[in-house]
Each structure stands twice: as structure tokens, then as C-alpha cells.
Amino acid sequence: MISIACPHCQKRYRLDDKFAGKKAKCKGCGQVMSIKASPTADSTATLPSQDPLAANGPPAQNQPHTTPDDAAAVPPAETAAPITETTSTATPVSAVEPLAAGVPPAQGAATDNNFASVGSPGGQPGGAPHQPNREQASRGEASQILRGTTNHLQYEISQRPDFSIVKVEIPQGRKLYAEPSAMVSMTPSMHLEAGFKGGIGKTFGRLLGGESLIINTFTAQDGPGEVMFAGGAAGDVAYHRLEGNSLYLQRGAYMFNSEGVEVSGKWQGAKGFFSGEGLVLLKASGTGDIFFNSYGAIVPIDVTDGFIVDTGYVVAFEESLQYRVTVLPGLRTAGKIKSFFFGGEGLVCQFAGTGRVWVQTRQVKSFLSWAHNYRPAKSN
Amino acid sequence: MQAEIHDRPSFANIRVHLEPGEEIVAEADAMASMSSSIEMKTQWSGGFVNGILKRLFGGESMFVNRFSTPSGGDIVLTQAFPGDIQCLELNGNTMFLQPGAFIACESGVKLGLGWAGLRMFIAREGLFRLKVSGKGRIWFGAYGGIFQREIDSEYIVDTGHLVAYEPTIGIRVAMAGGLFSSFFSGEGLVTRVSGPGRIYMQSRSFDGLAAWTNSHLY
């Protein structure tokens, strides 16, 4: 048995020995990987064990993961065509090489686990491999610190998952675009300008997407700069690298992005209309980095076939997924009346295809209705 | 006196073990539980006038509770909001705390009230700031996580994120950007801190929480 992990999305596979040296297409992200003879699963065991406190965190976020570096350390077997290994820098691996004829697909995928077994919520095709900071972990920090370097910026997400805060460093002349009020602190070298970005269409699109009309532009004018961003609610921050593809963000999830990313509202048509407040989406596309936040911890899930998420728990998902808003299958039999009495809680987002969904572990609506009981009764 | 901060960062609390003769002074609301062997005495925080001023302008309670014990006992201290608690050892130096941050201190610490300036008032940081000095440990809390930062030259912090700072830190209230940007960026006024010195920041702010909650209420 060979245990391998996709160097791009960390999806695990267990394969028969006869596939050694062959290449396969990852079911999760579609990238081609080479199957190495020696099992890489062992390398996960060498990771320092987490602080016991970490067990309180979201399970998917705290699992040690096989980094692409570990996989790369294994001597590569002979392959028909060399494939690009993800390096420790963020140089995007953009070219998806066509499968050579005769390469067996990774049929033996034994992992039924849909949960992405990565320590980072941002392991995506061609993105930066995010090393959880091992020093921090061994020092007994309750939460992992996510660090990474991309073409545009350097980031560090700390105090996860409850009070996540992002520190971003950008070289001189670079820009960051952020939602209003997200800034916590910055160096004086940063210049802040508020404005309507992207013209009238995009501006109002953002309004539909539940975001502000205003986008703040941070420019590192006088030398390299550093900005810290945090959300308003208690929750986590996730990172995603866009490589020409698109990402849909739930209302309020957007935090900030680097240059090269366009954020616009997308009219969902009937889909968005009937879901009420449940699913109003922002679309981020282009090539660059995007950060989004949640209420509660974030669990990244790699969807391969079908997956159902309550609309209130969706944080973001990749465009490669088809989705439709529907009534929870169990409620459907009783007709629309029942779902009406459920107050929209039966509305779920049904995903199909392959791609990643980020799910939050708390729902805003539930929190507000819980908190509402304790508010003085003066509402209409 | 043994004191440990537990359950960080979300629901941090201080567990103190008092021996006979030892004392801890805590914010009026801070005591969550204690052994029956512990005696509590309520007193004006830093004197009558200071106490009143603190209540009016400092965002603190006008009373503090002094805990002591004849036979030894335990006491648990907390704060009102979810967040981290930080312990600082004062050795004759001074520290400024933002209103509401103070939780407890050892009896050797002097609690004073410092004039923060009208500018800080405009920035909604309170007209006064709590000045802690003397010898001993103090505990202060924050909404969100606490992290510190060494300031060499200058640094910009959004109002509401500053928790504590050393007296060597200079504070100036400024606009976040130009007139338009400051008004529409949602950042409004920021504090420009200048060093050298250390500041403590919190990773969430009450304004941020309020804005987030309001944006989801229709």
C-alpha cells in the first residue's frame, strides 16, 4: 500500500503498490501528481504533537498535515512527463499538464473523509503551502499560527480560531483593498484612502452582496508597510489564493484582498432571491490573495461528489462547484408549509462537483435570535 | 501569592491562592467565586474623589474590593467580556490602562487616575486613563486576544484596540486618512502612538462587535 497526499490540496489517497512511479489526477483539485513509492504518511507522525489545548479547537484545523515539502523530500519516481512540484514559495503552479496516455487515474482513493486534512484553510491548487508554525505549536500555544508568503504580500494569522487577527506586510508601492473598519493598526508608511472601487456596477454589486459601498485602499507609500486586520465578530480568518478562478463569499465574509483580485456582487437570480438572507454572495476573481472571516471557526471541506450545507453556515466556496439553494430533503416531503414554519432554517445549499467549501461552526442568525431573547422587549 | 491565568484566550480568568497576610485588590465586579475563608472589604477606588471621577469619566467602577484571608483560600476573578487577560509585573514603573481594562492588582500597586486629554475623549477613549504604579503585579483584560508591540518610532492603532501603554509612549489622535477617507473608511479617528515603548493591543473592539451585530439586524 502506498499512502500519498496530493501536493496541491493535501487530499489523501491510499493506492496499490503497482501504481508506484505512475501519475494520477487528484480527485479533489484536478492537479496531476506523481505517485511515490515510499509512503509519505509516516512524515505526519514526525510532526510535533500539538498542545493538548488544541484538541478543543476545530478538528480539521488542528490535524497535522503532510506538507508538500515532505512529499517533495521523497525521491521522485520516474514519470512519463515531469510535473512541477510545489515549492515553498508561493510561485503559482498554474499549468495543469495534460495527462499522459496510459496513466491510471487514482481509483484507489480510500479516504471517504470529506474534510480537508490540512492545517490551513487555504491549501488550494497552486497556492502557497502554509506551514503551521511548529515553534509556536511546541511552545504550547493554544492555536496554530498560519503564515505564508505570496507574490503580493506576507501574512500571519494568529490568535486563531476565536479572535483571529491578520498581520500583512507589503513592499513599497503595493496596495491592499479592505472592507471598512477592518483595520486594527498599521505603520505610518501606509496611506489609507476610502473610495468607490470598480465603478458604479461593482459598487452596487457589493451592496447587494451585503458589503459596504466603500472599499479602503491601503498603499505602502513611504517604504514597506504593515497592516493588521480583524473582523468584528469572534471568529476565524481564512486565506485563499486565486489563480484566475473565482470564489464566492457569503454576506459579510469578505475582509481584504491583494492587487489582482476583483470583488463584485453577483446577482444570484431566483437562487439568491428565494434564499432570503441566507445566501447573498460576493464574487472574487482574478489572480491574487483574498482573506475572509467567519463567525466561529472555519472548517474547509473538499467536496468531491455532493455536499449539503445550511445556508447560514456557508462562508465561501469555489466556483468550480455547482450549487443550488433548496429545502432540506427531509422537509421537502411535507411540502412548503413545513419549511415555512421552520422560518427558513430548512434552506440548505446543495453542492455538486469538485471544489472546496469553507463552513463556519456558528451561525449568525442563531446567535442573534438567541441574543434577542435577552434584549429589552421594545421591538416591532 | 499564587496567581494563574486559566482558559485563555476566550474566557480567561485569574485563579488566585491567598495565604494569610496576603491581599489582592480587584475591580468591583471581578470576583466570580471564593473560599468562605476569604474576607472582602469594599473601598473607594483610590480615594473618594478619584473614585467618583473614575466612575464618571474613567469607565471604571468607583469601588474596588480588597480581599484578604486569616487562614488561606482561593478566589477566582474574571472580566465582563470574552477575551484574554494579561499579567504585568510593576517594579516601580508606571503603566497606563484604557478605561475598563483593569481587573486586579496586588496591594503594593497604586491606582491613580491620569488625565488623558480632550483628544482622547474625542476619540472615545475616555477623558481619563487609569494609571497604575508601584510594586507588584497587575492584571488587565481585553475583548479579544491581547498582544504587545514594541514601538520604536511611530505606529497607527485604530481607536478601541489600544488597551495599555507605557508612559514613554506619546499619543496623538489623528484622522485615518484625508477628510473623505476618514469619514467613509469606517476607521474614523486613529491614535498615532510614538515610541520608544511598549503598547498592548486587543484583537477585537467593542465598536467592531457593535457594527457587526447591527449589520446583521434588519
# chains A, B, ... in the order shown; residues from 1 in each chain; ligands from 1

$ select_by_dssp --residues "region 2-118 of chain B" --states "helix (DSSP H, G or I)" --output "JSON, numbers by chain"
{"B": [48, 49, 50, 51, 52, 53, 54, 55, 56, 57, 58, 118]}

$ write_last_selection --atoms "N, CA and C atoms" --output "PDB file, in the first residue's frame"
ATOM      1  N   PHE B  48     -11.950  58.959  47.641  1.00  0.00           N
ATOM      2  CA  PHE B  48     -13.309  59.360  47.322  1.00  0.00           C
ATOM      3  C   PHE B  48     -13.394  60.105  45.993  1.00  0.00           C
ATOM      4  N   VAL B  49     -12.575  61.121  45.851  1.00  0.00           N
ATOM      5  CA  VAL B  49     -12.641  61.967  44.654  1.00  0.00           C
ATOM      6  C   VAL B  49     -12.270  61.159  43.421  1.00  0.00           C
ATOM      7  N   ASN B  50     -11.182  60.418  43.555  1.00  0.00           N
ATOM      8  CA  ASN B  50     -10.750  59.587  42.441  1.00  0.00           C
ATOM      9  C   ASN B  50     -11.811  58.575  42.051  1.00  0.00           C
ATOM     10  N   GLY B  51     -12.445  58.020  43.067  1.00  0.00           N
ATOM     11  CA  GLY B  51     -13.474  57.026  42.815  1.00  0.00           C
ATOM     12  C   GLY B  51     -14.614  57.580  41.996  1.00  0.00           C
ATOM     13  N   ILE B  52     -15.068  58.763  42.391  1.00  0.00           N
ATOM     14  CA  ILE B  52     -16.164  59.411  41.678  1.00  0.00           C
ATOM     15  C   ILE B  52     -15.732  59.750  40.247  1.00  0.00           C
ATOM     16  N   LEU B  53     -14.551  60.273  40.123  1.00  0.00           N
ATOM     17  CA  LEU B  53     -14.065  60.652  38.797  1.00  0.00           C
ATOM     18  C   LEU B  53     -13.955  59.437  37.895  1.00  0.00           C
ATOM     19  N   LYS B  54     -13.486  58.352  38.483  1.00  0.00           N
ATOM     20  CA  LYS B  54     -13.331  57.124  37.718  1.00  0.00           C
ATOM     21  C   LYS B  54     -14.670  56.645  37.175  1.00  0.00           C
ATOM     22  N   ARG B  55     -15.664  56.736  38.041  1.00  0.00           N
ATOM     23  CA  ARG B  55     -16.983  56.280  37.639  1.00  0.00           C
ATOM     24  C   ARG B  55     -17.515  57.155  36.516  1.00  0.00           C
ATOM     25  N   LEU B  56     -17.298  58.461  36.682  1.00  0.00           N
ATOM     26  CA  LEU B  56     -17.874  59.414  35.736  1.00  0.00           C
ATOM     27  C   LEU B  56     -17.147  59.387  34.408  1.00  0.00           C
ATOM     28  N   PHE B  57     -15.848  59.362  34.468  1.00  0.00           N
ATOM     29  CA  PHE B  57     -15.097  59.565  33.232  1.00  0.00           C
ATOM     30  C   PHE B  57     -14.230  58.381  32.833  1.00  0.00           C
ATOM     31  N   GLY B  58     -13.864  57.586  33.800  1.00  0.00           N
ATOM     32  CA  GLY B  58     -12.860  56.572  33.505  1.00  0.00           C
ATOM     33  C   GLY B  58     -13.444  55.249  33.055  1.00  0.00           C
ATOM     34  N   LEU B 118      -8.285  65.890  26.108  1.00  0.00           N
ATOM     35  CA  LEU B 118      -9.537  66.080  25.400  1.00  0.00           C
ATOM     36  C   LEU B 118      -9.551  65.304  24.088  1.00  0.00           C
TER      37      LEU B 118
END

$ closest_atom_pairs --of "region 59-144 of chain B" --to "region 9-24 of chain B" --cutoff "12 Å" --atoms "only C-alpha atoms" --output "tab-separated table"
residue	atom	partner	partner_atom	distance
B:Val64	CA	B:Ile24	CA	10.2
B:Asn65	CA	B:Ile24	CA	8.3
B:Arg66	CA	B:Ile24	CA	5.9
B:Phe67	CA	B:Ile24	CA	5.3
B:Ser68	CA	B:Glu23	CA	4.8
B:Thr69	CA	B:Pro20	CA	5.3
B:Pro70	CA	B:Pro20	CA	5.0
B:Ser71	CA	B:Pro20	CA	5.4
B:Gly72	CA	B:Glu19	CA	4.4
B:Gly73	CA	B:Leu18	CA	5.4
B:Asp74	CA	B:His17	CA	4.5
B:Ile75	CA	B:Val16	CA	5.2
B:Val76	CA	B:Arg15	CA	4.6
B:Leu77	CA	B:Ile14	CA	5.0
B:Thr78	CA	B:Asn13	CA	4.7
B:Gln79	CA	B:Asn13	CA	7.4
B:Ala80	CA	B:Phe11	CA	9.7
B:Phe81	CA	B:Phe11	CA	8.1
B:Pro82	CA	B:Phe11	CA	5.3
B:Gly83	CA	B:Ser10	CA	4.6
B:Asp84	CA	B:Pro9	CA	4.4
B:Ile85	CA	B:Ala12	CA	5.8
B:Gln86	CA	B:Ala12	CA	9.1
B:Cys87	CA	B:Ile14	CA	9.5
B:Ile103	CA	B:Ile14	CA	9.4
B:Ala104	CA	B:Ile24	CA	7.0
B:Cys105	CA	B:Ile24	CA	6.0
B:Glu106	CA	B:Ile24	CA	4.8
B:Ser107	CA	B:Ile24	CA	5.8
B:Gly108	CA	B:Glu23	CA	9.2
B:Val109	CA	B:Ile24	CA	9.8
B:Gly136	CA	B:Ile24	CA	10.2
B:Arg137	CA	B:Ile24	CA	9.6
B:Ile138	CA	B:Ile24	CA	9.6
B:Trp139	CA	B:Ile14	CA	8.4
B:Phe140	CA	B:Ile14	CA	10.2
B:Gly141	CA	B:Ala12	CA	8.5
B:Ala142	CA	B:Pro9	CA	9.6
B:Tyr143	CA	B:Ser10	CA	8.7
B:Gly144	CA	B:Ser10	CA	7.0

$ write_last_selection --atoms "N, CA and C atoms" --output "short mmCIF file (atom, residue, chain, number, x, y, z; two decimals), in the first residue's frame"
data_model
loop_
_atom_site.label_atom_id
_atom_site.label_comp_id
_atom_site.auth_asym_id
_atom_site.auth_seq_id
_atom_site.Cartn_x
_atom_site.Cartn_y
_atom_site.Cartn_z
N VAL B 64 -13.38 49.49 44.65
CA VAL B 64 -12.61 48.28 44.44
C VAL B 64 -12.83 47.40 45.67
N ASN B 65 -12.62 46.12 45.48
CA ASN B 65 -12.75 45.19 46.60
C ASN B 65 -11.37 44.71 47.00
N ARG B 66 -11.17 44.67 48.31
CA ARG B 66 -9.89 44.22 48.82
C ARG B 66 -10.11 42.85 49.48
N PHE B 67 -9.43 41.86 49.00
CA PHE B 67 -9.62 40.50 49.52
C PHE B 67 -8.43 40.11 50.39
N SER B 68 -8.73 39.58 51.56
CA SER B 68 -7.67 39.09 52.43
C SER B 68 -8.21 37.85 53.15
N THR B 69 -7.34 37.16 53.84
CA THR B 69 -7.77 35.94 54.49
C THR B 69 -6.98 35.70 55.78
N PRO B 70 -7.67 35.20 56.81
CA PRO B 70 -6.93 34.85 58.02
C PRO B 70 -6.32 33.45 57.95
N SER B 71 -6.85 32.60 57.06
CA SER B 71 -6.41 31.21 57.09
C SER B 71 -6.01 30.65 55.73
N GLY B 72 -6.10 31.45 54.69
CA GLY B 72 -5.75 30.95 53.37
C GLY B 72 -6.99 30.55 52.59
N GLY B 73 -6.98 30.79 51.30
CA GLY B 73 -8.14 30.43 50.49
C GLY B 73 -7.94 30.79 49.03
N ASP B 74 -8.91 30.40 48.23
CA ASP B 74 -8.81 30.61 46.79
C ASP B 74 -9.87 31.58 46.32
N ILE B 75 -9.56 32.25 45.24
CA ILE B 75 -10.52 33.19 44.68
C ILE B 75 -10.36 33.20 43.16
N VAL B 76 -11.47 33.30 42.47
CA VAL B 76 -11.45 33.34 41.00
C VAL B 76 -11.95 34.70 40.55
N LEU B 77 -11.15 35.35 39.73
CA LEU B 77 -11.51 36.68 39.21
C LEU B 77 -11.71 36.60 37.71
N THR B 78 -12.70 37.32 37.22
CA THR B 78 -12.98 37.30 35.78
C THR B 78 -13.21 38.72 35.29
N GLN B 79 -13.54 38.81 34.03
CA GLN B 79 -13.93 40.11 33.47
C GLN B 79 -15.27 39.95 32.76
N ALA B 80 -15.81 41.07 32.33
CA ALA B 80 -17.19 41.05 31.84
C ALA B 80 -17.31 40.40 30.47
N PHE B 81 -16.32 40.60 29.61
CA PHE B 81 -16.47 40.20 28.22
C PHE B 81 -15.53 39.05 27.89
N PRO B 82 -15.82 38.30 26.82
CA PRO B 82 -14.89 37.24 26.44
C PRO B 82 -13.56 37.85 25.97
N GLY B 83 -12.50 37.28 26.40
CA GLY B 83 -11.21 37.80 25.98
C GLY B 83 -10.10 37.38 26.90
N ASP B 84 -8.93 37.80 26.53
CA ASP B 84 -7.72 37.38 27.22
C ASP B 84 -7.41 38.30 28.41
N ILE B 85 -6.60 37.78 29.31
CA ILE B 85 -6.15 38.56 30.46
C ILE B 85 -4.62 38.53 30.47
N GLN B 86 -4.05 39.65 30.78
CA GLN B 86 -2.59 39.75 30.79
C GLN B 86 -2.13 40.16 32.19
N CYS B 87 -1.01 39.59 32.60
CA CYS B 87 -0.43 39.94 33.90
C CYS B 87 0.84 40.75 33.66
N ILE B 103 -8.44 44.79 36.03
CA ILE B 103 -9.16 43.71 36.72
C ILE B 103 -8.71 43.61 38.17
N ALA B 104 -7.41 43.47 38.39
CA ALA B 104 -6.95 43.26 39.76
C ALA B 104 -5.50 43.67 39.88
N CYS B 105 -5.07 43.86 41.13
CA CYS B 105 -3.66 44.14 41.37
C CYS B 105 -3.29 43.70 42.78
N GLU B 106 -2.01 43.60 43.03
CA GLU B 106 -1.54 43.33 44.38
C GLU B 106 -1.58 44.62 45.18
N SER B 107 -1.49 44.46 46.50
CA SER B 107 -1.75 45.63 47.34
C SER B 107 -0.65 46.69 47.22
N GLY B 108 0.51 46.32 46.69
CA GLY B 108 1.58 47.31 46.55
C GLY B 108 1.41 48.23 45.36
N VAL B 109 0.38 48.00 44.57
CA VAL B 109 0.18 48.81 43.37
C VAL B 109 -0.75 49.96 43.68
N GLY B 136 4.42 45.45 42.30
CA GLY B 136 3.51 44.33 42.38
C GLY B 136 2.94 43.98 41.02
N ARG B 137 2.10 42.96 41.03
CA ARG B 137 1.52 42.50 39.78
C ARG B 137 0.17 43.16 39.55
N ILE B 138 -0.12 43.42 38.31
CA ILE B 138 -1.47 43.86 37.96
C ILE B 138 -2.00 42.95 36.85
N TRP B 139 -3.30 42.85 36.79
CA TRP B 139 -3.94 42.06 35.74
C TRP B 139 -4.91 42.96 35.00
N PHE B 140 -4.83 42.92 33.70
CA PHE B 140 -5.82 43.66 32.93
C PHE B 140 -6.35 42.78 31.81
N GLY B 141 -7.55 43.10 31.38
CA GLY B 141 -8.20 42.24 30.40
C GLY B 141 -8.53 42.99 29.14
N ALA B 142 -8.91 42.23 28.12
CA ALA B 142 -9.25 42.82 26.84
C ALA B 142 -10.38 42.04 26.23
N TYR B 143 -11.06 42.68 25.30
CA TYR B 143 -12.04 41.97 24.49
C TYR B 143 -11.29 41.45 23.27
N GLY B 144 -11.17 40.13 23.17
CA GLY B 144 -10.34 39.54 22.14
C GLY B 144 -9.01 39.13 22.72
#

$ closest_residue --among "B:Val163, B:Val157, B:Val25, B:Asp207" --to "chain A" --atoms "only C-alpha atoms"
B:Val157

$ interface_residues --of "chain A" --to "chain B" --cutoff "7 Å" --atoms "only C-alpha atoms" --output "PyMOL selection string"
chain A and resi 159+162-163+165+180-181+183-188+191-194+214+216+230+232-233

$ residues_around --residues "Asn245 (chain A)" --least-positions-apart "5" --cutoff "10 Å" --atoms "only C-alpha atoms" --output "PyMOL selection string"
chain A and resi 284-287+318-320

$ closest_residue --among "A:Gly353, A:Gly288, A:Gly225, A:Gly296" --to "Phe317 (chain A)" --atoms "only C-alpha atoms"
A:Gly353

$ decode --residues "region 87-198 of chain B" --atoms "C-alpha atoms" --output "PDB file, in the first residue's frame"
ATOM      1  CA  CYS B  87      -0.431  39.942  33.895  1.00  0.00           C
ATOM      2  CA  LEU B  88       2.216  42.618  34.329  1.00  0.00           C
ATOM      3  CA  GLU B  89       4.850  42.932  36.992  1.00  0.00           C
ATOM      4  CA  LEU B  90       5.394  46.520  38.059  1.00  0.00           C
ATOM      5  CA  ASN B  91       8.693  47.359  39.633  1.00  0.00           C
ATOM      6  CA  GLY B  92       8.354  50.994  40.414  1.00  0.00           C
ATOM      7  CA  ASN B  93       7.390  51.805  36.850  1.00  0.00           C
ATOM      8  CA  THR B  94       4.091  53.145  35.604  1.00  0.00           C
ATOM      9  CA  MET B  95       1.591  51.849  33.095  1.00  0.00           C
ATOM     10  CA  PHE B  96      -1.484  53.454  31.607  1.00  0.00           C
ATOM     11  CA  LEU B  97      -4.614  51.355  31.153  1.00  0.00           C
ATOM     12  CA  GLN B  98      -7.563  52.189  28.986  1.00  0.00           C
ATOM     13  CA  PRO B  99     -10.909  52.517  30.799  1.00  0.00           C
ATOM     14  CA  GLY B 100     -12.444  49.180  31.621  1.00  0.00           C
ATOM     15  CA  ALA B 101      -9.273  47.155  31.241  1.00  0.00           C
ATOM     16  CA  PHE B 102      -8.270  46.923  34.876  1.00  0.00           C
ATOM     17  CA  ILE B 103      -9.158  43.715  36.721  1.00  0.00           C
ATOM     18  CA  ALA B 104      -6.954  43.260  39.756  1.00  0.00           C
ATOM     19  CA  CYS B 105      -3.661  44.136  41.367  1.00  0.00           C
ATOM     20  CA  GLU B 106      -1.541  43.326  44.379  1.00  0.00           C
ATOM     21  CA  SER B 107      -1.746  45.633  47.337  1.00  0.00           C
ATOM     22  CA  GLY B 108       1.579  47.306  46.546  1.00  0.00           C
ATOM     23  CA  VAL B 109       0.178  48.805  43.372  1.00  0.00           C
ATOM     24  CA  LYS B 110      -1.183  52.299  43.429  1.00  0.00           C
ATOM     25  CA  LEU B 111      -4.249  53.018  41.351  1.00  0.00           C
ATOM     26  CA  GLY B 112      -4.365  56.546  40.100  1.00  0.00           C
ATOM     27  CA  LEU B 113      -6.256  58.465  37.539  1.00  0.00           C
ATOM     28  CA  GLY B 114      -4.448  60.273  34.793  1.00  0.00           C
ATOM     29  CA  TRP B 115      -5.782  62.968  32.540  1.00  0.00           C
ATOM     30  CA  ALA B 116      -5.803  61.504  29.065  1.00  0.00           C
ATOM     31  CA  GLY B 117      -6.652  64.713  27.324  1.00  0.00           C
ATOM     32  CA  LEU B 118      -9.537  66.080  25.400  1.00  0.00           C
ATOM     33  CA  ARG B 119      -8.292  64.485  22.235  1.00  0.00           C
ATOM     34  CA  MET B 120      -8.623  61.015  23.672  1.00  0.00           C
ATOM     35  CA  PHE B 121     -12.115  61.955  24.706  1.00  0.00           C
ATOM     36  CA  ILE B 122     -12.942  62.904  21.143  1.00  0.00           C
ATOM     37  CA  ALA B 123     -11.550  59.578  20.051  1.00  0.00           C
ATOM     38  CA  ARG B 124     -13.978  57.980  22.503  1.00  0.00           C
ATOM     39  CA  GLU B 125     -11.130  56.556  24.534  1.00  0.00           C
ATOM     40  CA  GLY B 126     -12.226  58.285  27.695  1.00  0.00           C
ATOM     41  CA  LEU B 127     -11.196  61.545  29.232  1.00  0.00           C
ATOM     42  CA  PHE B 128      -9.178  59.792  31.886  1.00  0.00           C
ATOM     43  CA  ARG B 129      -6.924  56.826  31.861  1.00  0.00           C
ATOM     44  CA  LEU B 130      -6.036  54.558  34.704  1.00  0.00           C
ATOM     45  CA  LYS B 131      -2.508  54.997  35.940  1.00  0.00           C
ATOM     46  CA  VAL B 132      -1.029  52.038  37.757  1.00  0.00           C
ATOM     47  CA  SER B 133       2.276  52.400  39.512  1.00  0.00           C
ATOM     48  CA  GLY B 134       4.207  50.991  42.427  1.00  0.00           C
ATOM     49  CA  LYS B 135       5.415  47.496  43.078  1.00  0.00           C
ATOM     50  CA  GLY B 136       3.508  44.333  42.381  1.00  0.00           C
ATOM     51  CA  ARG B 137       1.523  42.500  39.778  1.00  0.00           C
ATOM     52  CA  ILE B 138      -1.472  43.856  37.955  1.00  0.00           C
ATOM     53  CA  TRP B 139      -3.942  42.057  35.738  1.00  0.00           C
ATOM     54  CA  PHE B 140      -5.820  43.664  32.931  1.00  0.00           C
ATOM     55  CA  GLY B 141      -8.199  42.244  30.403  1.00  0.00           C
ATOM     56  CA  ALA B 142      -9.246  42.822  26.845  1.00  0.00           C
ATOM     57  CA  TYR B 143     -12.043  41.975  24.492  1.00  0.00           C
ATOM     58  CA  GLY B 144     -10.341  39.543  22.137  1.00  0.00           C
ATOM     59  CA  GLY B 145      -6.767  38.446  22.327  1.00  0.00           C
ATOM     60  CA  ILE B 146      -4.030  40.587  23.801  1.00  0.00           C
ATOM     61  CA  PHE B 147      -0.749  41.115  22.066  1.00  0.00           C
ATOM     62  CA  GLN B 148       2.043  43.527  22.733  1.00  0.00           C
ATOM     63  CA  ARG B 149       4.167  45.509  20.392  1.00  0.00           C
ATOM     64  CA  GLU B 150       7.402  47.382  20.812  1.00  0.00           C
ATOM     65  CA  ILE B 151       7.143  50.814  19.288  1.00  0.00           C
ATOM     66  CA  ASP B 152      10.367  52.344  18.051  1.00  0.00           C
ATOM     67  CA  SER B 153       9.188  55.268  16.050  1.00  0.00           C
ATOM     68  CA  GLU B 154       5.563  55.654  15.176  1.00  0.00           C
ATOM     69  CA  TYR B 155       2.605  53.351  14.752  1.00  0.00           C
ATOM     70  CA  ILE B 156      -1.058  53.809  13.980  1.00  0.00           C
ATOM     71  CA  VAL B 157      -3.695  51.999  16.024  1.00  0.00           C
ATOM     72  CA  ASP B 158      -7.409  52.149  15.440  1.00  0.00           C
ATOM     73  CA  THR B 159      -9.188  53.601  18.446  1.00  0.00           C
ATOM     74  CA  GLY B 160     -10.694  50.890  20.556  1.00  0.00           C
ATOM     75  CA  HIS B 161      -7.832  48.486  20.008  1.00  0.00           C
ATOM     76  CA  LEU B 162      -5.394  50.086  22.402  1.00  0.00           C
ATOM     77  CA  VAL B 163      -5.508  48.516  25.866  1.00  0.00           C
ATOM     78  CA  ALA B 164      -2.439  49.615  27.761  1.00  0.00           C
ATOM     79  CA  TYR B 165       0.777  51.512  27.162  1.00  0.00           C
ATOM     80  CA  GLU B 166       3.878  52.694  28.895  1.00  0.00           C
ATOM     81  CA  PRO B 167       4.201  56.323  29.936  1.00  0.00           C
ATOM     82  CA  THR B 168       7.043  56.820  27.459  1.00  0.00           C
ATOM     83  CA  ILE B 169       4.536  56.370  24.655  1.00  0.00           C
ATOM     84  CA  GLY B 170       3.300  59.545  23.110  1.00  0.00           C
ATOM     85  CA  ILE B 171      -0.282  59.544  21.945  1.00  0.00           C
ATOM     86  CA  ARG B 172      -1.804  61.707  19.317  1.00  0.00           C
ATOM     87  CA  VAL B 173      -5.249  61.434  17.842  1.00  0.00           C
ATOM     88  CA  ALA B 174      -5.358  61.839  14.129  1.00  0.00           C
ATOM     89  CA  MET B 175      -7.610  61.148  11.206  1.00  0.00           C
ATOM     90  CA  ALA B 176      -7.140  57.849   9.453  1.00  0.00           C
ATOM     91  CA  GLY B 177      -6.619  59.476   6.084  1.00  0.00           C
ATOM     92  CA  GLY B 178      -7.923  62.508   4.297  1.00  0.00           C
ATOM     93  CA  LEU B 179     -11.192  64.087   5.312  1.00  0.00           C
ATOM     94  CA  PHE B 180     -13.293  61.977   2.985  1.00  0.00           C
ATOM     95  CA  SER B 181     -11.371  58.806   3.705  1.00  0.00           C
ATOM     96  CA  SER B 182     -11.524  59.220   7.442  1.00  0.00           C
ATOM     97  CA  PHE B 183     -15.232  59.718   7.338  1.00  0.00           C
ATOM     98  CA  PHE B 184     -16.092  56.905   4.964  1.00  0.00           C
ATOM     99  CA  SER B 185     -13.401  54.368   5.645  1.00  0.00           C
ATOM    100  CA  GLY B 186     -15.052  53.269   8.848  1.00  0.00           C
ATOM    101  CA  GLU B 187     -11.798  53.849  10.629  1.00  0.00           C
ATOM    102  CA  GLY B 188     -12.541  57.430  11.567  1.00  0.00           C
ATOM    103  CA  LEU B 189     -10.094  58.583  14.138  1.00  0.00           C
ATOM    104  CA  VAL B 190      -6.966  56.651  14.877  1.00  0.00           C
ATOM    105  CA  THR B 191      -4.378  57.020  17.570  1.00  0.00           C
ATOM    106  CA  ARG B 192      -0.852  57.647  16.455  1.00  0.00           C
ATOM    107  CA  VAL B 193       1.458  56.270  19.090  1.00  0.00           C
ATOM    108  CA  SER B 194       5.101  57.183  19.125  1.00  0.00           C
ATOM    109  CA  GLY B 195       7.874  55.382  20.931  1.00  0.00           C
ATOM    110  CA  PRO B 196      10.055  54.193  22.331  1.00  0.00           C
ATOM    111  CA  GLY B 197       7.895  51.997  24.495  1.00  0.00           C
ATOM    112  CA  ARG B 198       5.510  49.116  24.651  1.00  0.00           C
TER     113      ARG B 198
END
